[in-house]
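Trainee: Can you keep this structure in mind? I'll have questions shortly.
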Protein chains: 2
Amino acid sequence: MSMADPVRIGLLGRGTVGAAFEQLIARRGEAVEAATGRRPEICGVLTRADGEFAEIVESSELVVELIGGTEPAREFVLEALRRGRPVVTANKQLLAQHGEELFEAARQAGVQLRFEAAVAGVIPIVRVIQESFGVTEIDKVFGIVNGTTNFILSEMAASGAPYGEALARAQELGYAEADPSDDVNGADAAAKMAILARLAFHTPVTLGDVPYEGIEKISPDDIAYAKELGLSLKLLGVAERREGGISVRVFPCFLYGGHPLAPVEGPFNAVMVEAPEITEVTMSGPGAGGMETASAVLGDVVSVLSGDAPVHEARQRLPLVSDVASSFYLHLAVADRPGVLAQIAQVLGDKEVSVKSVVQRGAGDDARLVMVVHECLESRFAEALKAIDALDVLRAPARAIRVIEEEFV
Amino acid sequence: MSMADPVRIGLLGRGTVGAAFEQLIARRGEAVEAATGRRPEICGVLTRADGEFAEIVESSELVVELIGGTEPAREFVLEALRRGRPVVTANKQLLAQHGEELFEAARQAGVQLRFEAAVAGVIPIVRVIQESFGVTEIDKVFGIVNGTTNFILSEMAASGAPYGEALARAQELGYAEADPSDDVNGADAAAKMAILARLAFHTPVTLGDVPYEGIEKISPDDIAYAKELGLSLKLLGVAERREGGISVRVFPCFLYGGHPLAPVEGPFNAVMVEAPEITEVTMSGPGAGGMETASAVLGDVVSVLSGDAPVHEARQRLPLVSDVASSFYLHLAVADRPGVLAQIAQVLGDKEVSVKSVVQRGAGDDARLVMVVHECLESRFAEALKAIDALDVLRAPARAIRVIEEEFV
């Protein structure tokens with residue numbers, strides 16, 4: 001086959017990203033040819049209404065999967081790999097839930113499976129972790145990997161709007177879907193963190209391994225009180241080494257003002273990678289967008305055509321640690337009478353939970369204690385919380401939100 | 001040769017980075033073997049006192065150049081390439097001044113020349129521009145690519161210290177060298193921007209093409225007054241498409257508070273890439289450090305061993321545009337009498353330079369006008385500045401510093 005023959009790409013799915021990818025192929029085809037020696041050409045498109053999967057794969061050299069969801073995407077990707085076609089996908093659910101099976105199929109067929117677009121939009125975090133830091137002993141990968149929730153939290157912080165109102169605004173602007181469940185409950189971020197954890201730690205991690213909490217219960221109060229403590233709220237995905245294994249989780253979390261993720265506002269994503277050898281690298285950019293995602297897909301297509309090395313493999317099996325140490329913000333609606341703070345401090349002290357800062361606000365029926373406690377095992381904090389909830393000075397159940405304690409000044 | 005044979009690496013130079021690289025090879029050798037199938041081994045080290053270049057190259061499969069400077073590094077790298085050895089280097093001066101010759105030698109020999117560590121420390125900006133955005137029509141690459149000057153400017157802003165004092169503090173802390181000239185005058189940043197511009201625009205750019213200004217003349221006054229306008233000062237490298245070609249420059253520049261580069265403080269680097277398809281991606285991290293730089297070198301070594309595709313080539317020749325449009329901060333020590341502002345506004349108006357914001361400060365011998373003017377051709381602004389300097393109401397020559405006008409709110 002001469003260098004001048006176009007590369008035939010089979011495209012599965014023509015939603016927002018698929019349509020943008022078609023445009024991009026038309027617009028950047030010449031640049032792809034300049035970089036790889038071959039012009040890309042879409043040889044067939046599979047949509048709900050049109051196209052025959054078997055025919056498209058047969059006629060293609062490379063398959064781009066942009067259907068989303070797990071079935072039939074899983075079946076299609078497996079079949080394409082088995083038939084020796086390299087696959088580029090933007091499908092985070094597929095990778096987070098069936099990654100092992102897909103990577104194994106790619107390995108057996110000796111072809112590439114690339115998925116930059118599955119995590120953090122246009123931020124090339126997959127490539128950077130796999131290639132630039134592929135032999136770095138990464139301690140921690142964490143960040144804001146869901147733009148919808150970051151927009152909602154930014155909106156709540158800026159306007160004091162309650163969650164429902166901020167969500168409605170996100171939907172108006174197209175930053176949230178009609179059914180926003182998977183974004184706001186943390187499931188979307190959890191799928192992305194499963195993928196990043198796998199890459200960072202070279203160990204199998206699936207969606208089921210990642211406990212997640214969303215932002216549905218966040219009150220504008222918490223955001224306002226925390227501001228007085230110098231904190232801003234983000235939905236964080238955190239994958240880190242912990243004594244004896246790794247921990248991968250998604251939860252709303254307060255950050256101090258100087259933290260590199262604190263200024264990330266609106267529908268943006270940002271991911272930090274930490275390792276002793278590199279200290280830390282932070283990458284940020286738009287979290288979504290059809291053209292942005294299509295651009296990440298095209299980057300992967302170019303890598304396949306350039307003959308870049310295939311992805312590195314999982315090479316160990318690290319246990320998941322469930323009880324980790326965290327710092328917490330604690331919001332207590334308390335009776336307005338002397339000795340309340342002492343009583344609560346006593347309970348915390350008994351459980352060896354130590355207080356970092358505290359503010360008292362309001363009076364009478366509006367009296368509140370807002371505090372940040374230093375890092376302690378979450379199980380121990382949960383016990384302290386239970387003991388506090390049992391005190392008769394509490395007017396409502398305590399609210400707790402994690403905090404990253406580092407102050408970066 | 002069996003997979004188990006180690007990869008023999010010839011190391012040229014054993015300064016801070018070279019010594020850290022040796023440690024890293026010892027510490028991460030197993031991870032390199034897991035990723036590439038081969039364990040790395042340093043087969044010879046060339047220092048001022050020891051080693052024979054010819055012997056080291058002869059016995060090596062891959063050469064790592066960490067000598068720095070242009071000679072004899074240039075000669076060594078050319079010879080290594082000619083003899084078919086892939087080369088990994090951290091040498092920005094070498095690439096910025098002799099890039100074409102080196103890339104041509106690599107092309108002719110059909111081996112790789114990689115240089116992630118030459119720009120922006122541990123931030124993998126070279127890989128991201130070349131690979132992730134290799135076929136993206138990049139509009140602009142810009143950022144903070146010199147950690148020494150960013151530390152000095154942060155220090156001046158935080159403490160109000162004059163330049164000389166902040167520099168001395170940087171030297172104490174090891175962030176500036178005994179002879180800091182190349183850092184503080186902008187030459188170091190210019191070399192890095194020549195490299196980044198070449199990659200982003202696929203066109204030859206050398207150090208001589210990059211006009212640069214440093215920070216030696218920045219006064220704490222400017223930083224303090226600009227703060228009132230919501231501005232913070234950075235030494236920026238900017239490479240961008242402009243009508244008819246590209247512009248690549250280094251200059252101190254004010255940024256508004258919401259700008260993604262504004263929160264980058266201390267000895268950090270940060271680089272932004274802008275393109276319609278990706279909107280923008282920002283990457284930040286430590287700008288230097290022996291281990292950080294060595295880690296970037298090791299990432300390149302792994303890419304060579306993994307068989308990643310060689311670097312993409314310059315494929316066009318874009319003209320360098322010298323007169324570009326910029327926005328400016330303007331500091332004027334003026335006579336304290338009525339009509340002064342009107343007189344200055346008149347001169348600016350005559351030259352079609354339009355004022356964005358202005359503050360008046362002080363009185364009598366300390367009266368000052370501090371303003372920001374909207375983007376205009378720099379040649380036109382220079383004429384306006386000349387006309388203002390000729391006014392008898394000025395007590396000292398006007399001081400002008402560029403501003404990035406975008407307010408990102």
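So you can find residues: chains in the structure tokens are A, B, ... in the order shown, residues in each start at 1, and ligands are numbered from 1 in order.
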Could you please tell me, as a tab-separated table (two decimals) with N, CA and C atoms, in the first residue's frame, which residues of chain A have an atom within 8 Å of chain B when using only C-alpha atoms?

Mentor:
```
chain	number	residue	atom	x	y	z
A	28	ARG	N	-8.71	19.11	9.26
A	28	ARG	CA	-7.31	18.90	9.63
A	28	ARG	C	-6.67	17.73	8.88
A	31	ALA	N	-3.15	18.33	7.75
A	31	ALA	CA	-2.18	18.34	8.84
A	31	ALA	C	-1.87	16.91	9.30
A	32	VAL	N	-2.90	16.06	9.31
A	32	VAL	CA	-2.67	14.66	9.68
A	32	VAL	C	-1.74	14.01	8.65
A	34	ALA	N	0.48	15.54	6.82
A	34	ALA	CA	1.83	16.09	7.01
A	34	ALA	C	2.53	15.42	8.19
A	35	ALA	N	1.76	15.08	9.22
A	35	ALA	CA	2.37	14.51	10.42
A	35	ALA	C	2.62	13.01	10.30
A	122	VAL	N	-10.26	17.96	26.99
A	122	VAL	CA	-9.14	18.22	26.10
A	122	VAL	C	-7.79	18.19	26.84
A	123	ILE	N	-7.83	18.07	28.16
A	123	ILE	CA	-6.58	17.99	28.92
A	123	ILE	C	-5.92	16.64	28.64
A	124	PRO	N	-4.69	16.64	28.14
A	124	PRO	CA	-4.09	15.36	27.73
A	124	PRO	C	-3.53	14.57	28.90
A	127	ARG	N	-2.28	10.76	28.21
A	127	ARG	CA	-0.96	10.68	27.60
A	127	ARG	C	0.14	11.06	28.59
A	128	VAL	N	-0.09	12.11	29.34
A	128	VAL	CA	0.94	12.58	30.26
A	128	VAL	C	1.22	11.54	31.34
A	131	GLU	N	2.75	8.34	29.37
A	131	GLU	CA	3.99	8.46	28.63
A	131	GLU	C	5.02	9.31	29.39
A	132	SER	N	4.67	10.57	29.69
A	132	SER	CA	5.66	11.41	30.37
A	132	SER	C	6.01	10.84	31.75
A	133	PHE	N	5.00	10.38	32.48
A	133	PHE	CA	5.22	9.89	33.84
A	133	PHE	C	5.03	8.38	33.93
A	134	GLY	N	5.25	7.69	32.81
A	134	GLY	CA	5.01	6.26	32.75
A	134	GLY	C	5.89	5.44	33.68
A	135	VAL	N	7.07	5.93	34.01
A	135	VAL	CA	7.93	5.19	34.94
A	135	VAL	C	8.15	5.99	36.22
A	136	THR	N	7.33	6.99	36.45
A	136	THR	CA	7.42	7.78	37.67
A	136	THR	C	6.56	7.11	38.74
A	263	PRO	N	-8.60	28.08	42.23
A	263	PRO	CA	-9.08	29.07	41.25
A	263	PRO	C	-9.80	28.46	40.04
A	277	GLU	N	9.57	12.77	42.48
A	277	GLU	CA	10.50	13.17	41.42
A	277	GLU	C	10.04	14.38	40.64
A	278	ILE	N	8.75	14.63	40.62
A	278	ILE	CA	8.24	15.74	39.81
A	278	ILE	C	7.60	16.83	40.66
A	279	THR	N	7.56	16.61	42.00
A	279	THR	CA	6.81	17.49	42.89
A	279	THR	C	5.35	17.45	42.46
A	280	GLU	N	4.91	18.36	41.62
A	280	GLU	CA	3.52	18.30	41.19
A	280	GLU	C	3.38	18.98	39.84
A	281	VAL	N	2.48	18.46	39.04
A	281	VAL	CA	2.14	19.10	37.77
A	281	VAL	C	0.63	19.24	37.74
A	282	THR	N	0.14	20.41	37.36
A	282	THR	CA	-1.29	20.67	37.29
A	282	THR	C	-1.66	20.97	35.84
A	283	MET	N	-2.75	20.39	35.37
A	283	MET	CA	-3.21	20.65	34.01
A	283	MET	C	-4.68	21.03	34.06
A	284	SER	N	-5.05	22.10	33.36
A	284	SER	CA	-6.46	22.48	33.37
A	284	SER	C	-6.94	22.88	31.98
A	285	GLY	N	-8.24	22.80	31.78
A	285	GLY	CA	-8.83	23.15	30.49
A	285	GLY	C	-10.31	22.86	30.51
A	286	PRO	N	-11.00	23.14	29.39
A	286	PRO	CA	-12.44	22.90	29.34
A	286	PRO	C	-12.73	21.41	29.56
A	291	MET	N	-16.21	19.76	20.08
A	291	MET	CA	-14.99	19.94	19.31
A	291	MET	C	-13.76	19.59	20.15
A	292	GLU	N	-13.77	19.97	21.43
A	292	GLU	CA	-12.66	19.67	22.33
A	292	GLU	C	-12.47	18.16	22.45
A	295	SER	N	-11.22	16.68	19.29
A	295	SER	CA	-9.80	17.01	19.12
A	295	SER	C	-8.92	16.01	19.87
A	296	ALA	N	-9.36	15.61	21.07
A	296	ALA	CA	-8.63	14.59	21.82
A	296	ALA	C	-8.66	13.25	21.09
A	299	GLY	N	-6.16	13.41	18.28
A	299	GLY	CA	-4.79	13.25	18.79
A	299	GLY	C	-4.43	11.77	18.93
A	300	ASP	N	-5.38	10.98	19.41
A	300	ASP	CA	-5.16	9.54	19.54
A	300	ASP	C	-5.03	8.86	18.19
A	302	VAL	N	-3.90	10.18	15.50
A	302	VAL	CA	-2.56	10.52	14.99
A	302	VAL	C	-1.50	9.65	15.67
A	303	SER	N	-1.65	9.42	16.97
A	303	SER	CA	-0.68	8.56	17.66
A	303	SER	C	-0.68	7.15	17.11
A	306	SER	N	0.99	7.30	13.77
A	306	SER	CA	2.43	7.61	13.89
A	306	SER	C	3.21	6.40	14.35
A	307	GLY	N	2.50	5.38	14.83
A	307	GLY	CA	3.21	4.21	15.35
A	307	GLY	C	3.75	4.43	16.74
A	308	ASP	N	3.13	5.33	17.51
A	308	ASP	CA	3.55	5.46	18.90
A	308	ASP	C	3.34	4.13	19.61
A	309	ALA	N	4.12	3.91	20.64
A	309	ALA	CA	4.05	2.65	21.38
A	309	ALA	C	2.65	2.47	21.96
A	312	HIS	N	0.92	1.27	28.12
A	312	HIS	CA	1.59	0.39	29.08
A	312	HIS	C	0.55	-0.43	29.82
A	313	GLU	N	1.02	-1.50	30.42
A	313	GLU	CA	0.08	-2.48	30.98
A	313	GLU	C	0.00	-2.39	32.49
A	315	ARG	N	0.62	-3.88	35.82
A	315	ARG	CA	1.66	-4.85	36.12
A	315	ARG	C	1.72	-5.24	37.58
```

Trainee: Give me the residues within 10 Å of His98 (chain B) as a ChimeraX atom specification, counting only C-alpha atoms and dropping any in the same chain fewer than 4 places off.

Mentor: /B:70,74,92-94,102-103,206-207

Trainee: Give me, please, the distance in Å between CA of Pro267 (chain A) and CA of Gly287 (chain A), quoted to one decimal.

Mentor: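 Pair CA of Pro267 (chain A) / CA of Gly287 (chain A) returns 6.1 Å.
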
Trainee: Please compute the CA of Ala190 (chain B)-CA of Phe251 (chain B) distance, one decimal, in Å.

Mentor: 9.4 Å

Trainee: Can you pull out the residues contacting region 146-151 of chain B? Cut-off 7 Å, using only C-alpha atoms, and skip same-chain residues under 5 positions away; I want them as a PDB file with N, CA and C atoms, in the first residue's frame.

Mentor:
```
ATOM      1  N   ALA B 170      16.406  35.442  46.096  1.00  0.00           N
ATOM      2  CA  ALA B 170      16.345  34.297  45.179  1.00  0.00           C
ATOM      3  C   ALA B 170      17.683  33.563  45.163  1.00  0.00           C
ATOM      4  N   TYR B 175      17.320  29.828  44.010  1.00  0.00           N
ATOM      5  CA  TYR B 175      16.455  29.972  42.821  1.00  0.00           C
ATOM      6  C   TYR B 175      17.109  30.808  41.735  1.00  0.00           C
ATOM      7  N   ALA B 176      18.201  31.505  42.089  1.00  0.00           N
ATOM      8  CA  ALA B 176      18.931  32.270  41.075  1.00  0.00           C
ATOM      9  C   ALA B 176      20.407  31.939  41.205  1.00  0.00           C
ATOM     10  N   ASP B 183      18.842  34.687  33.111  1.00  0.00           N
ATOM     11  CA  ASP B 183      17.477  34.541  33.615  1.00  0.00           C
ATOM     12  C   ASP B 183      16.772  35.891  33.645  1.00  0.00           C
ATOM     13  N   VAL B 184      17.404  36.876  34.302  1.00  0.00           N
ATOM     14  CA  VAL B 184      16.690  38.132  34.555  1.00  0.00           C
ATOM     15  C   VAL B 184      16.558  39.018  33.320  1.00  0.00           C
ATOM     16  N   ALA B 189      14.349  32.621  28.850  1.00  0.00           N
ATOM     17  CA  ALA B 189      12.953  32.439  28.422  1.00  0.00           C
ATOM     18  C   ALA B 189      12.857  32.508  26.894  1.00  0.00           C
ATOM     19  N   LYS B 234       4.083  39.362  35.512  1.00  0.00           N
ATOM     20  CA  LYS B 234       4.797  38.126  35.196  1.00  0.00           C
ATOM     21  C   LYS B 234       5.769  38.406  34.055  1.00  0.00           C
ATOM     22  N   LEU B 235       6.853  37.642  33.977  1.00  0.00           N
ATOM     23  CA  LEU B 235       7.680  37.675  32.771  1.00  0.00           C
ATOM     24  C   LEU B 235       7.094  36.623  31.828  1.00  0.00           C
ATOM     25  N   GLU B 265       2.725  31.520  41.322  1.00  0.00           N
ATOM     26  CA  GLU B 265       3.652  32.278  42.165  1.00  0.00           C
ATOM     27  C   GLU B 265       4.934  31.480  42.404  1.00  0.00           C
ATOM     28  N   GLY B 266       5.983  32.173  42.797  1.00  0.00           N
ATOM     29  CA  GLY B 266       7.222  31.500  43.189  1.00  0.00           C
ATOM     30  C   GLY B 266       7.933  30.884  41.998  1.00  0.00           C
ATOM     31  N   PRO B 267       8.839  29.931  42.283  1.00  0.00           N
ATOM     32  CA  PRO B 267       9.697  29.411  41.202  1.00  0.00           C
ATOM     33  C   PRO B 267       8.978  28.414  40.312  1.00  0.00           C
ATOM     34  N   PHE B 268       7.720  28.700  39.976  1.00  0.00           N
ATOM     35  CA  PHE B 268       6.940  27.796  39.140  1.00  0.00           C
ATOM     36  C   PHE B 268       6.912  28.268  37.696  1.00  0.00           C
ATOM     37  N   ASN B 269       6.641  27.335  36.821  1.00  0.00           N
ATOM     38  CA  ASN B 269       6.405  27.626  35.414  1.00  0.00           C
ATOM     39  C   ASN B 269       4.958  27.274  35.085  1.00  0.00           C
ATOM     40  N   GLY B 287       9.559  24.865  37.934  1.00  0.00           N
ATOM     41  CA  GLY B 287      10.294  25.246  36.737  1.00  0.00           C
ATOM     42  C   GLY B 287      11.676  24.645  36.641  1.00  0.00           C
TER      43      GLY B 287
END
```

Trainee: Which value, in Å to one decimal, gives the distance between CA of Leu377 (chain B) and CA of Val321 (chain B)?

Mentor: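 Rounded to one decimal, the two atoms are 11.7 Å apart.
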
Trainee: To test your reading of the structure, identify every residue in region 48-291 of chain A that backbone DSSP assigns to alpha helix (DSSP H), and report it as a VMD selection string.

Mentor: chain A and resid 53 to 59 73 to 82 92 to 109 125 to 127 147 to 159 163 to 172 181 to 184 187 to 201 220 to 228 290 to 291

Trainee: Can you spit out the residues from that selection as a PDB file, in the first residue's frame, using C-alpha atoms?

Mentor:
```
ATOM      1  CA  PHE A  53     -21.266  -2.596  11.960  1.00  0.00           C
ATOM      2  CA  ALA A  54     -19.710  -5.652  10.275  1.00  0.00           C
ATOM      3  CA  GLU A  55     -19.327  -3.833   6.968  1.00  0.00           C
ATOM      4  CA  ILE A  56     -17.840  -0.734   8.540  1.00  0.00           C
ATOM      5  CA  VAL A  57     -15.237  -2.690  10.493  1.00  0.00           C
ATOM      6  CA  GLU A  58     -14.424  -4.790   7.447  1.00  0.00           C
ATOM      7  CA  SER A  59     -13.722  -1.732   5.316  1.00  0.00           C
ATOM      8  CA  ALA A  73     -20.187  -0.259  22.540  1.00  0.00           C
ATOM      9  CA  ARG A  74     -18.398  -3.046  24.433  1.00  0.00           C
ATOM     10  CA  GLU A  75     -19.320  -5.679  21.895  1.00  0.00           C
ATOM     11  CA  PHE A  76     -18.313  -3.444  18.977  1.00  0.00           C
ATOM     12  CA  VAL A  77     -14.959  -2.472  20.459  1.00  0.00           C
ATOM     13  CA  LEU A  78     -14.113  -6.076  21.356  1.00  0.00           C
ATOM     14  CA  GLU A  79     -15.003  -7.251  17.867  1.00  0.00           C
ATOM     15  CA  ALA A  80     -13.000  -4.472  16.218  1.00  0.00           C
ATOM     16  CA  LEU A  81      -9.949  -5.292  18.343  1.00  0.00           C
ATOM     17  CA  ARG A  82     -10.304  -9.023  17.651  1.00  0.00           C
ATOM     18  CA  LYS A  92     -15.328   6.426  30.042  1.00  0.00           C
ATOM     19  CA  GLN A  93     -18.063   4.071  31.247  1.00  0.00           C
ATOM     20  CA  LEU A  94     -16.873   1.359  28.909  1.00  0.00           C
ATOM     21  CA  LEU A  95     -13.272   1.653  30.096  1.00  0.00           C
ATOM     22  CA  ALA A  96     -14.133   2.022  33.765  1.00  0.00           C
ATOM     23  CA  GLN A  97     -16.424  -1.015  33.756  1.00  0.00           C
ATOM     24  CA  HIS A  98     -14.849  -3.323  31.180  1.00  0.00           C
ATOM     25  CA  GLY A  99     -11.282  -2.044  30.968  1.00  0.00           C
ATOM     26  CA  GLU A 100      -9.585  -5.352  31.771  1.00  0.00           C
ATOM     27  CA  GLU A 101     -11.479  -7.227  29.099  1.00  0.00           C
ATOM     28  CA  LEU A 102     -10.780  -4.554  26.495  1.00  0.00           C
ATOM     29  CA  PHE A 103      -7.088  -4.166  27.343  1.00  0.00           C
ATOM     30  CA  GLU A 104      -6.714  -7.944  27.188  1.00  0.00           C
ATOM     31  CA  ALA A 105      -8.373  -8.043  23.774  1.00  0.00           C
ATOM     32  CA  ALA A 106      -6.055  -5.264  22.518  1.00  0.00           C
ATOM     33  CA  ARG A 107      -3.031  -7.113  23.889  1.00  0.00           C
ATOM     34  CA  GLN A 108      -4.044 -10.383  22.262  1.00  0.00           C
ATOM     35  CA  ALA A 109      -4.648  -8.715  18.917  1.00  0.00           C
ATOM     36  CA  ILE A 125      -3.889  13.716  31.132  1.00  0.00           C
ATOM     37  CA  VAL A 126      -3.974  10.135  29.824  1.00  0.00           C
ATOM     38  CA  ARG A 127      -0.959  10.676  27.599  1.00  0.00           C
ATOM     39  CA  GLY A 147     -17.305  20.235  34.563  1.00  0.00           C
ATOM     40  CA  THR A 148     -21.045  20.178  35.292  1.00  0.00           C
ATOM     41  CA  THR A 149     -20.579  19.976  39.054  1.00  0.00           C
ATOM     42  CA  ASN A 150     -17.760  22.504  39.007  1.00  0.00           C
ATOM     43  CA  PHE A 151     -20.039  24.936  37.209  1.00  0.00           C
ATOM     44  CA  ILE A 152     -22.827  24.348  39.746  1.00  0.00           C
ATOM     45  CA  LEU A 153     -20.508  24.821  42.735  1.00  0.00           C
ATOM     46  CA  SER A 154     -18.973  27.976  41.200  1.00  0.00           C
ATOM     47  CA  GLU A 155     -22.476  29.322  40.631  1.00  0.00           C
ATOM     48  CA  MET A 156     -23.538  28.557  44.211  1.00  0.00           C
ATOM     49  CA  ALA A 157     -20.413  30.245  45.582  1.00  0.00           C
ATOM     50  CA  ALA A 158     -20.736  33.329  43.373  1.00  0.00           C
ATOM     51  CA  SER A 159     -24.456  33.981  43.775  1.00  0.00           C
ATOM     52  CA  TYR A 163     -28.232  23.744  44.590  1.00  0.00           C
ATOM     53  CA  GLY A 164     -31.475  23.357  42.596  1.00  0.00           C
ATOM     54  CA  GLU A 165     -31.277  26.843  41.192  1.00  0.00           C
ATOM     55  CA  ALA A 166     -27.623  26.499  40.202  1.00  0.00           C
ATOM     56  CA  LEU A 167     -28.402  23.187  38.527  1.00  0.00           C
ATOM     57  CA  ALA A 168     -31.246  24.781  36.553  1.00  0.00           C
ATOM     58  CA  ARG A 169     -28.853  27.490  35.411  1.00  0.00           C
ATOM     59  CA  ALA A 170     -26.324  24.844  34.308  1.00  0.00           C
ATOM     60  CA  GLN A 171     -29.070  23.125  32.320  1.00  0.00           C
ATOM     61  CA  GLU A 172     -30.086  26.411  30.667  1.00  0.00           C
ATOM     62  CA  SER A 181     -27.880  12.289  37.827  1.00  0.00           C
ATOM     63  CA  ASP A 182     -24.562  10.720  36.803  1.00  0.00           C
ATOM     64  CA  ASP A 183     -22.818  14.086  36.906  1.00  0.00           C
ATOM     65  CA  VAL A 184     -24.201  15.437  40.177  1.00  0.00           C
ATOM     66  CA  ALA A 187     -20.693   8.546  39.204  1.00  0.00           C
ATOM     67  CA  ASP A 188     -19.232  10.217  36.121  1.00  0.00           C
ATOM     68  CA  ALA A 189     -16.217  11.450  38.070  1.00  0.00           C
ATOM     69  CA  ALA A 190     -15.820   7.994  39.645  1.00  0.00           C
ATOM     70  CA  ALA A 191     -15.569   6.353  36.202  1.00  0.00           C
ATOM     71  CA  LYS A 192     -12.852   8.829  35.207  1.00  0.00           C
ATOM     72  CA  MET A 193     -10.947   8.288  38.449  1.00  0.00           C
ATOM     73  CA  ALA A 194     -11.049   4.515  37.962  1.00  0.00           C
ATOM     74  CA  ILE A 195      -9.339   5.054  34.605  1.00  0.00           C
ATOM     75  CA  LEU A 196      -6.755   7.503  35.960  1.00  0.00           C
ATOM     76  CA  ALA A 197      -5.984   5.313  38.978  1.00  0.00           C
ATOM     77  CA  ARG A 198      -5.347   2.359  36.712  1.00  0.00           C
ATOM     78  CA  LEU A 199      -2.900   4.346  34.627  1.00  0.00           C
ATOM     79  CA  ALA A 200      -1.145   6.012  37.539  1.00  0.00           C
ATOM     80  CA  PHE A 201      -0.669   2.893  39.634  1.00  0.00           C
ATOM     81  CA  PRO A 220     -25.244  27.400  50.164  1.00  0.00           C
ATOM     82  CA  ASP A 221     -24.754  27.865  53.928  1.00  0.00           C
ATOM     83  CA  ASP A 222     -21.813  25.493  53.951  1.00  0.00           C
ATOM     84  CA  ILE A 223     -20.209  27.345  51.083  1.00  0.00           C
ATOM     85  CA  ALA A 224     -20.788  30.714  52.759  1.00  0.00           C
ATOM     86  CA  TYR A 225     -19.518  29.676  56.210  1.00  0.00           C
ATOM     87  CA  ALA A 226     -16.514  27.939  54.724  1.00  0.00           C
ATOM     88  CA  LYS A 227     -15.612  31.111  52.847  1.00  0.00           C
ATOM     89  CA  GLU A 228     -14.997  32.720  56.240  1.00  0.00           C
ATOM     90  CA  GLY A 290     -17.940  18.424  21.163  1.00  0.00           C
ATOM     91  CA  MET A 291     -14.988  19.940  19.312  1.00  0.00           C
TER      92      MET A 291
END
```

Trainee: Would you kindly return, as an MDAnalysis selection string, each protein, DNA or RNA residue with an atom no farther than 10 Å from any atom of Gly244 (chain B), considering only C-alpha atoms and excluding same-chain residues fewer than 2 positions away?

Mentor: chainID B and resid 241:242 246:247 318:321

Trainee: Which residues are near Gln343 (chain A)? Cut-off 10 Å, only C-alpha atoms, ignore same chain within fewer than 5 positions. Put them as a CSV table (one decimal) with N, CA and C atoms, in the first residue's frame.

Mentor:
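Final output, saved to around_3.csv:
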```csv
chain,number,residue,atom,x,y,z
A,338,PRO,N,-23.9,28.8,77.2
A,338,PRO,CA,-22.5,28.6,77.6
A,338,PRO,C,-22.1,27.2,77.6
A,348,LEU,N,-14.7,15.6,70.7
A,348,LEU,CA,-13.7,15.5,69.7
A,348,LEU,C,-12.4,15.0,70.3
A,349,GLY,N,-12.0,15.6,71.4
A,349,GLY,CA,-10.8,15.3,72.1
A,349,GLY,C,-10.8,13.8,72.5
A,388,ILE,N,-21.2,13.3,68.7
A,388,ILE,CA,-21.7,14.7,68.7
A,388,ILE,C,-23.2,14.7,68.4
A,391,LEU,N,-25.5,14.4,71.3
A,391,LEU,CA,-25.5,15.5,72.3
A,391,LEU,C,-26.8,16.2,72.2
A,393,VAL,N,-27.3,19.3,72.8
A,393,VAL,CA,-27.1,20.7,72.4
A,393,VAL,C,-27.2,20.9,70.9
```

Trainee: Give the answer as one residue: which of A:His374, A:Lys386, A:Arg380, A:Arg402 has the shortest atom-to-atom distance to Leu231 (chain A), using only C-alpha atoms?

Mentor: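 Answer, going by the shortest atom-to-atom distance: A:Arg402.
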
Trainee: Using only C-alpha atoms, determine which residues lie at most 8 Å from Val403 (chain B), disregarding the query and same-chain residues fewer than 3 positions distant; provide the list as a list in words.

Mentor: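 In the requested format, the answer is Cys253, Phe254, Leu255, Ser326, Ser327, Phe328, Tyr329 and Val372 of chain B.
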
Trainee: Give me, as an MDAnalysis selection string, the residues of region 104-306 of chain B that a backbone DSSP run labels strand (DSSP E).

Mentor: chainID B and resid 113:114 140:144 231:242 245:256 268:275 279:286

Trainee: Tell me which protein, DNA and RNA residues are within 7 Å of region 9-17 of chain B, counting only C-alpha atoms, leaving out same-chain ones fewer than 6 positions away, and put them as an MDAnalysis selection string.

Mentor: chainID B and resid 40:47 56:57 60:67 290:291 293:294

Trainee: Selected residues, C-alpha atoms, written as a tab-separated table (two decimals), in the first residue's frame, please.

Mentor:
```tsv
chain	number	residue	atom	x	y	z
B	40	PRO	CA	18.67	0.91	31.49
B	41	GLU	CA	22.34	1.01	32.46
B	42	ILE	CA	24.79	3.88	32.33
B	43	CYS	CA	27.76	2.61	30.34
B	44	GLY	CA	29.94	5.68	30.60
B	45	VAL	CA	29.96	9.22	31.94
B	46	LEU	CA	31.76	12.15	30.40
B	47	THR	CA	32.82	14.90	32.81
B	56	ILE	CA	31.34	6.47	25.46
B	57	VAL	CA	29.40	6.91	22.24
B	60	SER	CA	26.30	3.27	24.07
B	61	GLU	CA	22.98	2.70	22.35
B	62	LEU	CA	21.52	6.01	23.44
B	63	VAL	CA	23.18	9.26	24.47
B	64	VAL	CA	21.92	11.65	27.15
B	65	GLU	CA	23.43	15.13	26.86
B	66	LEU	CA	23.43	17.16	30.07
B	67	ILE	CA	26.53	19.29	29.57
B	290	GLY	CA	17.72	18.52	39.41
B	291	MET	CA	15.37	15.60	40.06
B	293	THR	CA	14.64	17.82	35.13
B	294	ALA	CA	16.16	14.34	35.33
```
